[in-house]
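Just below is one structure, and these are the notes that go with it.
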Amino acid sequence: MGVMMRHMKNAWKEIKLLVLDFDGVLTDGFVYVDQDGRESVRCSRRDGLGVGMLAERGIKTVVISKEQNGVVATRCQKLSIECFSGIDDKLGLLKKILDEKKIDPSDVCYVGDDVTDVDCIRHAGIGVAVADAVPSAKGAADLVTRAKGGDHAVREVCDLIIG
């Protein structure tokens, strides 16, 4: 095991907060629109179970999403996680959340997939990009998941945090 891997292994144990983007992380990044204009998304139940297992261990999860559709809040409510949607300045909000919760950025894992996540990925103690993330997100990340967004990538991260 290399120096970076040892460092990462220890860092996972220190995580107090998991912060997720929504579209492309908890979903596959696609939106389904019916003839009446109603939108729906596909999410992984395994991701939900992973978030629940973190909660049982006292590790909170928060979603910060640029998307304004109510599907974000609905899914987060079902998972019993805090949700912020319609956010343009994700890094500003992340810093505010950490300040309010008195959590050091080094104790945070942020998972994203697109250019709007890059600053948060860099700010977190462990920055993660999902397998199908854009190149700039992957380049900023400490880890790129094996799984794509919406295809159990969050569960992969939860399992690493749990150890």
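In the structure tokens, chains take the letters A, B, ... in the order shown, each chain's residues start at 1, and ligands count up from 1 in the order shown.
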
**Request:** Please provide the set of residues having any atom within 9 Å of Val63 of chain A, restricted to only C-alpha atoms, with same-chain residues fewer than 6 positions apart removed, written as an NGL selection string.
**Result:** :A and (18-22 or 72 or 76 or 81-85)

**Message:** Neighbouring residues of Ile121 of chain A were defined as those with any atom within 9 Å, considering only C-alpha atoms; residues of the same chain fewer than 6 positions away were excluded. Please report them as a PyMOL selection string.
**Reply:** chain A and resi 109-112+127-129+137+140-142

**Request:** Please measure the separation of atom CA of Gly125 of chain A and atom CA of Met53 of chain A, giving the value in Å to one decimal.
**Result:**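 These two atoms are separated by 20.7 Å.
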
**Message:** Calculated over only C-alpha atoms, which of the candidates A:Gln35, A:Ser40, A:Ser65, A:Thr74 has the smallest distance to Asp113 of chain A?
**Reply:**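 Among the listed residues, A:Ser65 lies closest to Asp113 of chain A.
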
**Message:** Residues of chain A classed as helix (DSSP H, G or I) by DSSP on the backbone are to be reported as a ChimeraX atom specification.
**Reply:** /A:3-13,45-56,70-79,90-101,105-107,115-123,135-140,153-162

**Message:** For Val134 of chain A, find every residue with an atom within 12 Å (counting only C-alpha atoms), except residues of its own chain fewer than 5 positions away, and show them as a list in words.
**Reply:**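 So the residues in contact are Gly24, Val25, Gly29, Gly112, Asp113, Asp114, Val115, Thr116, Asp117, Val118, Ala129, Gly139, Ala140, Ala141, Val144, Lys148 and Gly149 of chain A.
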
Can you write just those residues out, N, CA and C atoms, as an mmCIF file, in the first residue's frame?
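And here's out19.cif as it stands now:
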data_model
loop_
_atom_site.group_PDB
_atom_site.id
_atom_site.type_symbol
_atom_site.label_atom_id
_atom_site.label_comp_id
_atom_site.auth_asym_id
_atom_site.auth_seq_id
_atom_site.Cartn_x
_atom_site.Cartn_y
_atom_site.Cartn_z
ATOM 1 N N GLY A 24 -26.469 13.276 -11.195
ATOM 2 C CA GLY A 24 -25.192 12.716 -11.617
ATOM 3 C C GLY A 24 -24.438 12.022 -10.506
ATOM 4 N N VAL A 25 -24.929 12.125 -9.271
ATOM 5 C CA VAL A 25 -24.316 11.442 -8.122
ATOM 6 C C VAL A 25 -25.341 10.485 -7.502
ATOM 7 N N GLY A 29 -27.899 11.170 -13.782
ATOM 8 C CA GLY A 29 -27.725 12.417 -14.505
ATOM 9 C C GLY A 29 -28.784 12.665 -15.568
ATOM 10 N N GLY A 112 -19.023 14.619 -6.146
ATOM 11 C CA GLY A 112 -19.614 15.383 -7.237
ATOM 12 C C GLY A 112 -19.328 14.761 -8.581
ATOM 13 N N ASP A 113 -19.837 15.424 -9.628
ATOM 14 C CA ASP A 113 -19.672 14.871 -10.975
ATOM 15 C C ASP A 113 -19.430 15.913 -12.059
ATOM 16 N N ASP A 114 -19.587 17.201 -11.741
ATOM 17 C CA ASP A 114 -19.529 18.184 -12.828
ATOM 18 C C ASP A 114 -18.752 19.430 -12.409
ATOM 19 N N VAL A 115 -18.639 20.372 -13.330
ATOM 20 C CA VAL A 115 -17.832 21.572 -13.089
ATOM 21 C C VAL A 115 -18.309 22.362 -11.876
ATOM 22 N N THR A 116 -19.600 22.316 -11.577
ATOM 23 C CA THR A 116 -20.128 23.053 -10.424
ATOM 24 C C THR A 116 -19.704 22.435 -9.093
ATOM 25 N N ASP A 117 -19.089 21.267 -9.140
ATOM 26 C CA ASP A 117 -18.647 20.581 -7.919
ATOM 27 C C ASP A 117 -17.146 20.691 -7.663
ATOM 28 N N VAL A 118 -16.399 21.149 -8.629
ATOM 29 C CA VAL A 118 -14.932 21.117 -8.547
ATOM 30 C C VAL A 118 -14.401 21.839 -7.311
ATOM 31 N N ALA A 129 -15.037 12.014 -7.137
ATOM 32 C CA ALA A 129 -15.810 12.155 -8.378
ATOM 33 C C ALA A 129 -16.319 10.774 -8.756
ATOM 34 N N GLY A 139 -10.213 15.276 -12.209
ATOM 35 C CA GLY A 139 -8.881 15.829 -11.971
ATOM 36 C C GLY A 139 -8.740 16.467 -10.602
ATOM 37 N N ALA A 140 -9.828 16.978 -10.054
ATOM 38 C CA ALA A 140 -9.793 17.621 -8.730
ATOM 39 C C ALA A 140 -9.913 16.607 -7.595
ATOM 40 N N ALA A 141 -10.374 15.415 -7.909
ATOM 41 C CA ALA A 141 -10.726 14.427 -6.886
ATOM 42 C C ALA A 141 -9.532 13.660 -6.338
ATOM 43 N N VAL A 144 -11.719 8.541 -7.624
ATOM 44 C CA VAL A 144 -12.789 8.392 -8.608
ATOM 45 C C VAL A 144 -13.411 7.026 -8.347
ATOM 46 N N LYS A 148 -20.669 4.448 -11.620
ATOM 47 C CA LYS A 148 -21.175 5.702 -12.175
ATOM 48 C C LYS A 148 -22.200 6.301 -11.223
ATOM 49 N N GLY A 149 -22.474 7.585 -11.401
ATOM 50 C CA GLY A 149 -23.510 8.233 -10.620
ATOM 51 C C GLY A 149 -24.846 7.541 -10.820
#

**Request:** Choose the residue, out of A:Arg46, A:Lys66, A:Lys60, A:Lys78, that has the smallest atom-to-atom separation from Ile97 of chain A; count only C-alpha atoms.
**Result:**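 The shortest atom-to-atom distance to Ile97 of chain A comes from A:Lys60.
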
**Prompt:** Residues at most 8 Å from Leu17 of chain A, counting only C-alpha atoms, excluding those fewer than 2 positions away in the same chain, as a PyMOL selection string?
**Reply:** chain A and resi 15+19+59-62+103+107-109

**Request:** Figure out the distance between atom CA of Asp99 of chain A and atom CA of Gly70 of chain A, please, to one decimal in Å.
**Result:**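 So the two atoms, atom CA of Gly70 of chain A and atom CA of Asp99 of chain A, lie 26.7 Å apart.
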
**Request:** Choose the residue, out of A:Thr27, A:Asn69, A:Gln77, A:Asn10, that has the smallest atom-to-atom separation from Gly150 of chain A; count only C-alpha atoms.
**Result:**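 Ranked by minimum distance to Gly150 of chain A, first place goes to A:Thr27.
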
**Message:** Would you compute the distance between atom CA of Leu54 of chain A and atom CA of Arg75 of chain A? Give it in Å to one decimal.
**Reply:**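 Separation of atom CA of Leu54 of chain A and atom CA of Arg75 of chain A: 16.8 Å.
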
**Item:** Closest of A:Arg38, A:His123, A:Lys13, A:Arg146 to Asp104 of chain A - atom-to-atom distances counting only C-alpha atoms
**Value:** A:His123

**Nearest residue to Ala124 of chain A from the set A:Gly48, A:Pro105, A:Gly37, A:Gly58 (distances using only C-alpha atoms)** =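 Using only C-alpha atoms, the shortest distance to Ala124 of chain A belongs to A:Pro105.
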
**Item:** DSSP-assigned strand (DSSP E or B) among chain A, expressed as a list in words
**Value:**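 Secondary structure check on chain A, strand (DSSP E or B): Leu17, Leu18, Val19, Leu20, Thr27, Tyr32, Val33, Glu39, Ser40, Cys43, Lys60, Thr61, Val62, Val63, Ile64, Glu82, Cys83, Phe84, Val108, Cys109, Tyr110, Val111, Gly112, Ile126, Gly127, Val128, Ala129, Leu143 and Val144 of chain A.
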
Could you write out the selected residues, including C-alpha atoms, as a CSV table (one decimal), in the first residue's frame?
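Result written to result_1.csv:
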chain,number,residue,atom,x,y,z
A,17,LEU,CA,-20.0,14.7,7.1
A,18,LEU,CA,-20.8,13.3,3.7
A,19,VAL,CA,-21.8,16.0,1.2
A,20,LEU,CA,-23.4,15.0,-2.1
A,27,THR,CA,-29.0,9.9,-10.0
A,32,TYR,CA,-37.3,11.6,-17.5
A,33,VAL,CA,-40.1,14.0,-18.7
A,39,GLU,CA,-40.0,15.1,-14.2
A,40,SER,CA,-38.6,12.0,-12.5
A,43,CYS,CA,-31.9,6.6,-7.9
A,60,LYS,CA,-24.6,13.0,8.7
A,61,THR,CA,-25.2,13.4,5.0
A,62,VAL,CA,-26.2,16.6,3.2
A,63,VAL,CA,-27.1,17.3,-0.4
A,64,ILE,CA,-26.2,20.5,-2.2
A,82,GLU,CA,-30.6,17.6,4.8
A,83,CYS,CA,-31.2,19.1,1.4
A,84,PHE,CA,-30.2,22.4,-0.2
A,108,VAL,CA,-15.7,16.1,5.1
A,109,CYS,CA,-16.1,13.9,2.1
A,110,TYR,CA,-17.7,15.6,-1.0
A,111,VAL,CA,-19.0,13.6,-3.9
A,112,GLY,CA,-19.6,15.4,-7.2
A,126,ILE,CA,-11.7,13.8,0.7
A,127,GLY,CA,-12.9,14.9,-2.7
A,128,VAL,CA,-14.6,12.2,-4.8
A,129,ALA,CA,-15.8,12.2,-8.4
A,143,LEU,CA,-10.7,9.3,-5.6
A,144,VAL,CA,-12.8,8.4,-8.6

**Request:** Would you mind telling me which residue in A:Ser136, A:Ser44, A:Thr145, A:Gln68 lies nearest to Gly86 of chain A when using only C-alpha atoms?
**Result:**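 Checking each of A:Ser136, A:Ser44, A:Thr145, A:Gln68 against Gly86 of chain A, counting only C-alpha atoms, the winner is A:Gln68.
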